[in-house]
Amino acid sequence: MLHFSPIKIALIVLACLASLLFAMPNFFAKETVAGWPNFLPKKQMAMGLDLRGGAHLLLAMDVDSLRKDWLTNLQQDARRQLRDAKIPFSGVGVAGNAVNVRLVNATDLEKALTELRKLNTQIGSALLGTQTNSLEIRNEGNLIGLTPTESGFGERITHAIAAALETVRRRIDSLGTTEPSIVRQGRDRILVQVPGYDDTARLKEVIGSTAKLTFHRVHETIPAEQASQGRIPAGYKIFAADPGSDRGGPAGYLLQEIPIVQGEDLVDSQQGFDGRTNEPVINFRFNQKAARVFGKFTTDNIGRPFAIVLDDKVLSAPVIRSEILGGSGQISGNFTVESANDLAIKLRSGALPAKLTIVEERSVGPSLGADSVEAGRLAFGIGAVTTVVLVIIAYGTFGIFAAIALCINGLMIVALMSGIGSTLTLPGIAGLVLTIGMAVDANVLIYERIREELRGGKTAIAAIDAGFNRAIVAIMDSQLTTLAAAIIMFWLGSGPIRGFAVTLTLGIFTSVFTAVAVTRLLVALWLRSARAKSNKIEVPV
């Protein structure tokens, strides 16, 4: 066990030097690291919100609007399904938590049920026996009711939260921030933490609005004021105007409820400037399918207005002067450069499936973060120095070997965290401090085992060899137990708990490596030197 081949020695030394190299950027300022040659590593550990300061938002999804949208889409799908099957119906409407379909002829009931069952999807796993339906379909006479099930709605919330997570991430990334933490919390909430970003007002505006963009036909003869006083034509709806975007227009518009094209068909949106007025505008581009639909609509409706609607508010209602081919267009209004850029980001990132409401807002100042860093450094320094002093007092020369292994252990953790892009949080610093004790604990087990072997009458070489061989079982047993706890914390925890678990896990692997490989190598080199000087070896433990 104490014999090391030149290859093993080279690999251990190489691992230690690589750790030093990859950990080194964390001990210098970013400006200094940026000036280093390209062949040197430059990646630094990201600081968490509690260390660097920044914004903390807890968002809740409007599940009521999500249910309403599902029922509306289900209503349209049921209507289309029956029309395609040429089944006459007198009405398809939403009542409570169900879509009710009234057939003209009761004899078409079975055929209608067959068509409407196509809207139902299976949820869960048939293999595990958890498969259920997304819809509950009931009938009474010529009336059919389609009711979303709770399991179906839960599945829809899960998909909506997953889509919202990705949308929010794209929006925040477009702001130029780094290392945001965006995770799901509970059934319908999203936790957003953006270290180093203090403009919470803009952050809330960018990630909070739904940004659902649609293009609608404007009713040619009936203004919104007249429609609101009388009967609104079938298939039309009154949309309020956005007071901040459209100048000099009416307060509302009577628009066809089903849009011509939707924001989901956008492939790009960028902030730009109008070539005539030099005002900030948003340039957008559709995909091929939407470009054909929009081109045909503008060709057939020259001289008539159409409305651009964002989150059920009319941004503008320009008159079509000529056909708009190629799928490109422009949105103008009372935009500033910043508001136009923010709206372009939201449109480019995609619409949220439902509105997100801010239920908790917290801002951590850079000064508080700096205090946390300083406190963490102080705790780490005190823990490291105290441990080194005590282990040297207790074990002499072998204590110095343990202290060297301890320093290498710390460098390895920092290097690994930098390499994998892990974010250092205040609990992560606590994990580092705990790792110091764990690293020394492995050396203590080895040294105490050596002492026992020496008291048992073994020679120095035999005692050292037996100490490393027999202590490794106890070391692995204790470290595996801690590793299991760290995995559970990472699996079930979130945010700071995961940061602690990551640091603890990395510390477990580096502690085992430094105790079993680095310390053993140092002891083996010392033993080789002591044997060369004298036949009688005194073990300094």
# chains A, B, ... in the order shown; residues from 1 in each chain; ligands from 1
call {"tool": "residues_around", "arguments": {"residues": "Met47 (chain A)", "least_positions_apart": "3", "cutoff": "12 Å", "atoms": "only C-alpha atoms", "output": "number ranges by chain"}}
result
A: 26, 44, 50-54, 178-181, 193-196, 366, 369-370, 372-373, 417-418, 421-429, 496, 499
call {"tool": "select_by_dssp", "arguments": {"residues": "region 212-389 of chain A", "states": "strand (DSSP E or B)", "output": "PyMOL selection string"}}
result
chain A and resi 213-218+236-241+252-256+261-262+266-273+280-286+305-310+313-316+319+328-331+356-364
call {"tool": "atom_distance", "arguments": {"atom1": "CA of Gln270 (chain A)", "atom2": "CA of Gln330 (chain A)"}}
result
9.7 Å
call {"tool": "select_by_dssp", "arguments": {"residues": "region 50-299 of chain A", "states": "helix (DSSP H, G or I)", "output": "MDAnalysis selection string"}}
result
chainID A and resid 50:52 63:84 106:119 150:174 200:208 224:229 263:265 288:299
call {"tool": "write_last_selection", "arguments": {"atoms": "C-alpha atoms", "output": "mmCIF file, in the first residue's frame"}}
result
data_model
loop_
_atom_site.group_PDB
_atom_site.id
_atom_site.type_symbol
_atom_site.label_atom_id
_atom_site.label_comp_id
_atom_site.auth_asym_id
_atom_site.auth_seq_id
_atom_site.Cartn_x
_atom_site.Cartn_y
_atom_site.Cartn_z
ATOM 1 C CA ASP A 50 -26.898 36.065 -0.594
ATOM 2 C CA LEU A 51 -23.235 36.824 -1.357
ATOM 3 C CA ARG A 52 -23.426 39.119 -4.366
ATOM 4 C CA VAL A 63 -54.368 28.893 -12.568
ATOM 5 C CA ASP A 64 -57.904 30.297 -12.955
ATOM 6 C CA SER A 65 -56.971 31.959 -16.251
ATOM 7 C CA LEU A 66 -55.206 28.750 -17.284
ATOM 8 C CA ARG A 67 -58.433 26.817 -16.686
ATOM 9 C CA LYS A 68 -60.426 29.483 -18.547
ATOM 10 C CA ASP A 69 -58.068 29.289 -21.551
ATOM 11 C CA TRP A 70 -58.345 25.497 -21.556
ATOM 12 C CA LEU A 71 -62.135 25.680 -21.613
ATOM 13 C CA THR A 72 -62.065 28.287 -24.395
ATOM 14 C CA ASN A 73 -59.723 26.159 -26.502
ATOM 15 C CA LEU A 74 -61.847 23.086 -25.751
ATOM 16 C CA GLN A 75 -64.929 24.987 -26.910
ATOM 17 C CA GLN A 76 -63.267 25.897 -30.211
ATOM 18 C CA ASP A 77 -61.934 22.353 -30.686
ATOM 19 C CA ALA A 78 -65.373 20.833 -30.051
ATOM 20 C CA ARG A 79 -66.973 23.226 -32.522
ATOM 21 C CA ARG A 80 -64.358 22.435 -35.180
ATOM 22 C CA GLN A 81 -64.584 18.694 -34.560
ATOM 23 C CA LEU A 82 -68.353 18.660 -35.075
ATOM 24 C CA ARG A 83 -68.174 20.884 -38.153
ATOM 25 C CA ASP A 84 -65.542 18.660 -39.782
ATOM 26 C CA ALA A 106 -80.572 13.417 -30.886
ATOM 27 C CA THR A 107 -79.925 10.689 -33.464
ATOM 28 C CA ASP A 108 -76.415 12.118 -33.979
ATOM 29 C CA LEU A 109 -75.491 11.489 -30.337
ATOM 30 C CA GLU A 110 -73.309 8.403 -30.818
ATOM 31 C CA LYS A 111 -71.513 9.902 -33.783
ATOM 32 C CA ALA A 112 -70.932 13.158 -31.861
ATOM 33 C CA LEU A 113 -69.615 11.259 -28.825
ATOM 34 C CA THR A 114 -67.179 9.370 -31.043
ATOM 35 C CA GLU A 115 -65.849 12.644 -32.483
ATOM 36 C CA LEU A 116 -65.651 14.461 -29.141
ATOM 37 C CA ARG A 117 -63.850 11.567 -27.472
ATOM 38 C CA LYS A 118 -60.963 12.318 -29.839
ATOM 39 C CA LEU A 119 -60.366 15.459 -27.754
ATOM 40 C CA GLU A 150 -58.471 17.352 -11.821
ATOM 41 C CA SER A 151 -55.665 15.047 -12.960
ATOM 42 C CA GLY A 152 -55.915 16.531 -16.443
ATOM 43 C CA PHE A 153 -55.789 20.046 -15.032
ATOM 44 C CA GLY A 154 -52.820 19.127 -12.840
ATOM 45 C CA GLU A 155 -50.999 17.836 -15.909
ATOM 46 C CA ARG A 156 -51.801 21.082 -17.708
ATOM 47 C CA ILE A 157 -50.390 23.115 -14.803
ATOM 48 C CA THR A 158 -47.202 21.030 -14.909
ATOM 49 C CA HIS A 159 -46.743 21.693 -18.633
ATOM 50 C CA ALA A 160 -47.595 25.389 -18.172
ATOM 51 C CA ILE A 161 -45.046 25.805 -15.366
ATOM 52 C CA ALA A 162 -42.369 24.051 -17.465
ATOM 53 C CA ALA A 163 -43.113 26.374 -20.403
ATOM 54 C CA ALA A 164 -43.147 29.421 -18.106
ATOM 55 C CA LEU A 165 -39.777 28.428 -16.621
ATOM 56 C CA GLU A 166 -38.209 28.329 -20.072
ATOM 57 C CA THR A 167 -39.866 31.601 -21.129
ATOM 58 C CA VAL A 168 -38.761 33.426 -17.969
ATOM 59 C CA ARG A 169 -35.231 32.057 -18.408
ATOM 60 C CA ARG A 170 -35.046 33.326 -22.004
ATOM 61 C CA ARG A 171 -36.305 36.765 -20.958
ATOM 62 C CA ILE A 172 -33.802 37.109 -18.122
ATOM 63 C CA ASP A 173 -30.938 35.878 -20.301
ATOM 64 C CA SER A 174 -31.829 38.570 -22.848
ATOM 65 C CA THR A 200 -36.175 44.991 -9.783
ATOM 66 C CA ALA A 201 -38.781 47.248 -11.429
ATOM 67 C CA ARG A 202 -37.551 46.400 -14.920
ATOM 68 C CA LEU A 203 -37.101 42.749 -13.984
ATOM 69 C CA LYS A 204 -40.732 42.540 -12.829
ATOM 70 C CA GLU A 205 -41.940 44.232 -16.000
ATOM 71 C CA VAL A 206 -39.960 41.941 -18.290
ATOM 72 C CA ILE A 207 -40.834 38.614 -16.668
ATOM 73 C CA GLY A 208 -44.270 39.421 -15.212
ATOM 74 C CA ALA A 224 -66.837 49.635 -30.042
ATOM 75 C CA GLU A 225 -68.924 52.360 -28.315
ATOM 76 C CA GLN A 226 -72.027 51.427 -30.301
ATOM 77 C CA ALA A 227 -71.481 47.689 -29.770
ATOM 78 C CA SER A 228 -71.103 48.136 -25.991
ATOM 79 C CA GLN A 229 -74.510 49.868 -25.822
ATOM 80 C CA GLY A 263 -47.481 35.606 -31.400
ATOM 81 C CA GLU A 264 -46.494 31.938 -31.322
ATOM 82 C CA ASP A 265 -45.902 32.293 -35.070
ATOM 83 C CA GLN A 288 -43.650 30.722 -43.339
ATOM 84 C CA LYS A 289 -47.132 29.470 -42.471
ATOM 85 C CA ALA A 290 -48.161 32.676 -40.682
ATOM 86 C CA ALA A 291 -46.498 34.789 -43.378
ATOM 87 C CA ARG A 292 -48.763 33.217 -46.030
ATOM 88 C CA VAL A 293 -51.898 33.725 -43.896
ATOM 89 C CA PHE A 294 -50.984 37.313 -43.029
ATOM 90 C CA GLY A 295 -49.993 38.102 -46.624
ATOM 91 C CA LYS A 296 -53.339 36.834 -47.958
ATOM 92 C CA PHE A 297 -55.259 38.783 -45.299
ATOM 93 C CA THR A 298 -53.502 42.072 -46.099
ATOM 94 C CA THR A 299 -53.928 41.494 -49.841
#
call {"tool": "atom_distance", "arguments": {"atom1": "CA of Phe215 (chain A)", "atom2": "CA of Ile331 (chain A)"}}
result
11.1 Å
call {"tool": "closest_residue", "arguments": {"among": "A:Ser5, A:Thr505, A:Thr336, A:Gln256", "to": "Val218 (chain A)", "atoms": "only C-alpha atoms"}}
result
A:Gln256
call {"tool": "closest_residue", "arguments": {"among": "A:Ile320, A:Asp312, A:Ser349, A:Ala241", "to": "Leu266 (chain A)", "atoms": "only C-alpha atoms"}}
result
A:Ser349
call {"tool": "atom_distance", "arguments": {"atom1": "CA of Gly410 (chain A)", "atom2": "CA of Arg520 (chain A)"}}
result
17.6 Å
call {"tool": "closest_residue", "arguments": {"among": "A:Phe401, A:Phe239, A:Trp491, A:Phe89", "to": "Asn142 (chain A)", "atoms": "only C-alpha atoms"}}
result
A:Phe89
call {"tool": "residues_around", "arguments": {"residues": "Val192 (chain A)", "least_positions_apart": "2", "cutoff": "6 Å", "atoms": "only C-alpha atoms", "output": "JSON list (two decimals) with C-alpha atoms, in the first residue's frame"}}
result
[["chain", "number", "residue", "atom", "x", "y", "z"],
["A", 56, "HIS", "CA", -35.46, 37.67, -5.42],
["A", 57, "LEU", "CA", -38.97, 37.15, -6.80],
["A", 181, "SER", "CA", -31.64, 30.71, -10.50],
["A", 182, "ILE", "CA", -35.10, 29.87, -11.84]]
call {"tool": "residues_around", "arguments": {"residues": "Ile144 (chain A)", "least_positions_apart": "5", "cutoff": "6 Å", "atoms": "only C-alpha atoms", "output": "tab-separated table (two decimals) with N, CA and C atoms, in the first residue's frame"}}
result
chain	number	residue	atom	x	y	z
A	100	ASN	N	-70.46	22.70	-22.82
A	100	ASN	CA	-71.72	22.02	-23.15
A	100	ASN	C	-72.00	22.13	-24.64
A	101	VAL	N	-72.30	20.99	-25.23
A	101	VAL	CA	-72.62	20.91	-26.66
A	101	VAL	C	-74.07	20.47	-26.81
A	138	ARG	N	-69.98	13.38	-20.51
A	138	ARG	CA	-71.32	12.90	-20.10
A	138	ARG	C	-72.35	13.40	-21.10
A	139	ASN	N	-73.45	12.69	-21.18
A	139	ASN	CA	-74.52	13.13	-22.09
A	139	ASN	C	-75.89	12.91	-21.44
call {"tool": "decode", "arguments": {"residues": "region 1-102 of chain A", "atoms": "C-alpha atoms", "output": "compact mmCIF listing (two decimals), in the first residue's frame"}}
result
# COMPACT_ATOMS: atom_id res chain seq x y z
CA MET A 1 0.00 0.00 0.00
CA LEU A 2 2.94 2.37 0.62
CA HIS A 3 4.58 1.68 -2.71
CA PHE A 4 3.86 4.25 -5.44
CA SER A 5 4.91 3.75 -9.02
CA PRO A 6 6.22 6.80 -10.92
CA ILE A 7 2.99 6.87 -12.95
CA LYS A 8 0.83 7.04 -9.79
CA ILE A 9 3.01 9.78 -8.34
CA ALA A 10 2.79 11.74 -11.59
CA LEU A 11 -1.01 11.42 -11.71
CA ILE A 12 -1.46 12.59 -8.11
CA VAL A 13 0.90 15.55 -8.61
CA LEU A 14 -0.86 16.40 -11.90
CA ALA A 15 -4.27 16.37 -10.16
CA CYS A 16 -2.97 18.70 -7.45
CA LEU A 17 -1.41 21.11 -9.98
CA ALA A 18 -4.59 21.10 -12.10
CA SER A 19 -6.63 21.94 -8.99
CA LEU A 20 -4.32 24.88 -8.27
CA LEU A 21 -4.55 26.06 -11.87
CA PHE A 22 -8.36 25.94 -12.10
CA ALA A 23 -8.86 27.41 -8.61
CA MET A 24 -6.41 30.27 -9.19
CA PRO A 25 -8.82 32.63 -11.07
CA ASN A 26 -11.00 32.83 -7.94
CA PHE A 27 -8.22 34.58 -6.02
CA PHE A 28 -7.96 37.48 -8.49
CA ALA A 29 -10.32 40.20 -9.72
CA LYS A 30 -12.27 39.61 -12.94
CA GLU A 31 -10.41 42.44 -14.68
CA THR A 32 -7.08 40.83 -13.84
CA VAL A 33 -8.20 37.38 -14.99
CA ALA A 34 -9.49 38.83 -18.28
CA GLY A 35 -5.97 39.94 -19.14
CA TRP A 36 -4.45 36.49 -18.72
CA PRO A 37 -3.31 34.45 -21.76
CA ASN A 38 -6.06 32.41 -23.43
CA PHE A 39 -4.48 29.07 -22.56
CA LEU A 40 -5.00 29.71 -18.83
CA PRO A 41 -8.37 28.89 -17.25
CA LYS A 42 -10.43 32.00 -16.49
CA LYS A 43 -13.66 30.57 -15.12
CA GLN A 44 -14.59 31.79 -11.65
CA MET A 45 -17.14 30.54 -9.16
CA ALA A 46 -20.46 32.36 -9.47
CA MET A 47 -21.61 34.12 -6.30
CA GLY A 48 -25.15 33.45 -5.14
CA LEU A 49 -27.77 36.04 -4.30
CA ASP A 50 -26.90 36.06 -0.59
CA LEU A 51 -23.23 36.82 -1.36
CA ARG A 52 -23.43 39.12 -4.37
CA GLY A 53 -26.75 40.86 -3.82
CA GLY A 54 -29.54 41.04 -6.40
CA ALA A 55 -33.25 40.40 -6.88
CA HIS A 56 -35.46 37.67 -5.42
CA LEU A 57 -38.97 37.15 -6.80
CA LEU A 58 -41.55 34.47 -6.07
CA LEU A 59 -44.13 34.22 -8.86
CA ALA A 60 -47.50 32.49 -8.73
CA MET A 61 -49.25 31.34 -11.90
CA ASP A 62 -52.87 32.38 -12.41
CA VAL A 63 -54.37 28.89 -12.57
CA ASP A 64 -57.90 30.30 -12.96
CA SER A 65 -56.97 31.96 -16.25
CA LEU A 66 -55.21 28.75 -17.28
CA ARG A 67 -58.43 26.82 -16.69
CA LYS A 68 -60.43 29.48 -18.55
CA ASP A 69 -58.07 29.29 -21.55
CA TRP A 70 -58.34 25.50 -21.56
CA LEU A 71 -62.13 25.68 -21.61
CA THR A 72 -62.06 28.29 -24.39
CA ASN A 73 -59.72 26.16 -26.50
CA LEU A 74 -61.85 23.09 -25.75
CA GLN A 75 -64.93 24.99 -26.91
CA GLN A 76 -63.27 25.90 -30.21
CA ASP A 77 -61.93 22.35 -30.69
CA ALA A 78 -65.37 20.83 -30.05
CA ARG A 79 -66.97 23.23 -32.52
CA ARG A 80 -64.36 22.43 -35.18
CA GLN A 81 -64.58 18.69 -34.56
CA LEU A 82 -68.35 18.66 -35.07
CA ARG A 83 -68.17 20.88 -38.15
CA ASP A 84 -65.54 18.66 -39.78
CA ALA A 85 -67.74 15.63 -39.10
CA LYS A 86 -70.78 17.53 -40.49
CA ILE A 87 -72.77 17.04 -37.28
CA PRO A 88 -75.31 19.87 -36.81
CA PHE A 89 -75.37 21.58 -33.41
CA SER A 90 -77.34 24.49 -32.01
CA GLY A 91 -74.73 25.72 -29.57
CA VAL A 92 -71.32 25.10 -27.96
CA GLY A 93 -70.77 27.14 -24.81
CA VAL A 94 -68.85 27.26 -21.54
CA ALA A 95 -70.85 26.89 -18.33
CA GLY A 96 -68.96 26.67 -15.03
CA ASN A 97 -66.18 24.14 -15.38
CA ALA A 98 -67.55 22.40 -18.46
CA VAL A 99 -68.14 22.86 -22.19
CA ASN A 100 -71.72 22.02 -23.15
CA VAL A 101 -72.62 20.91 -26.66
CA ARG A 102 -76.26 20.92 -27.75
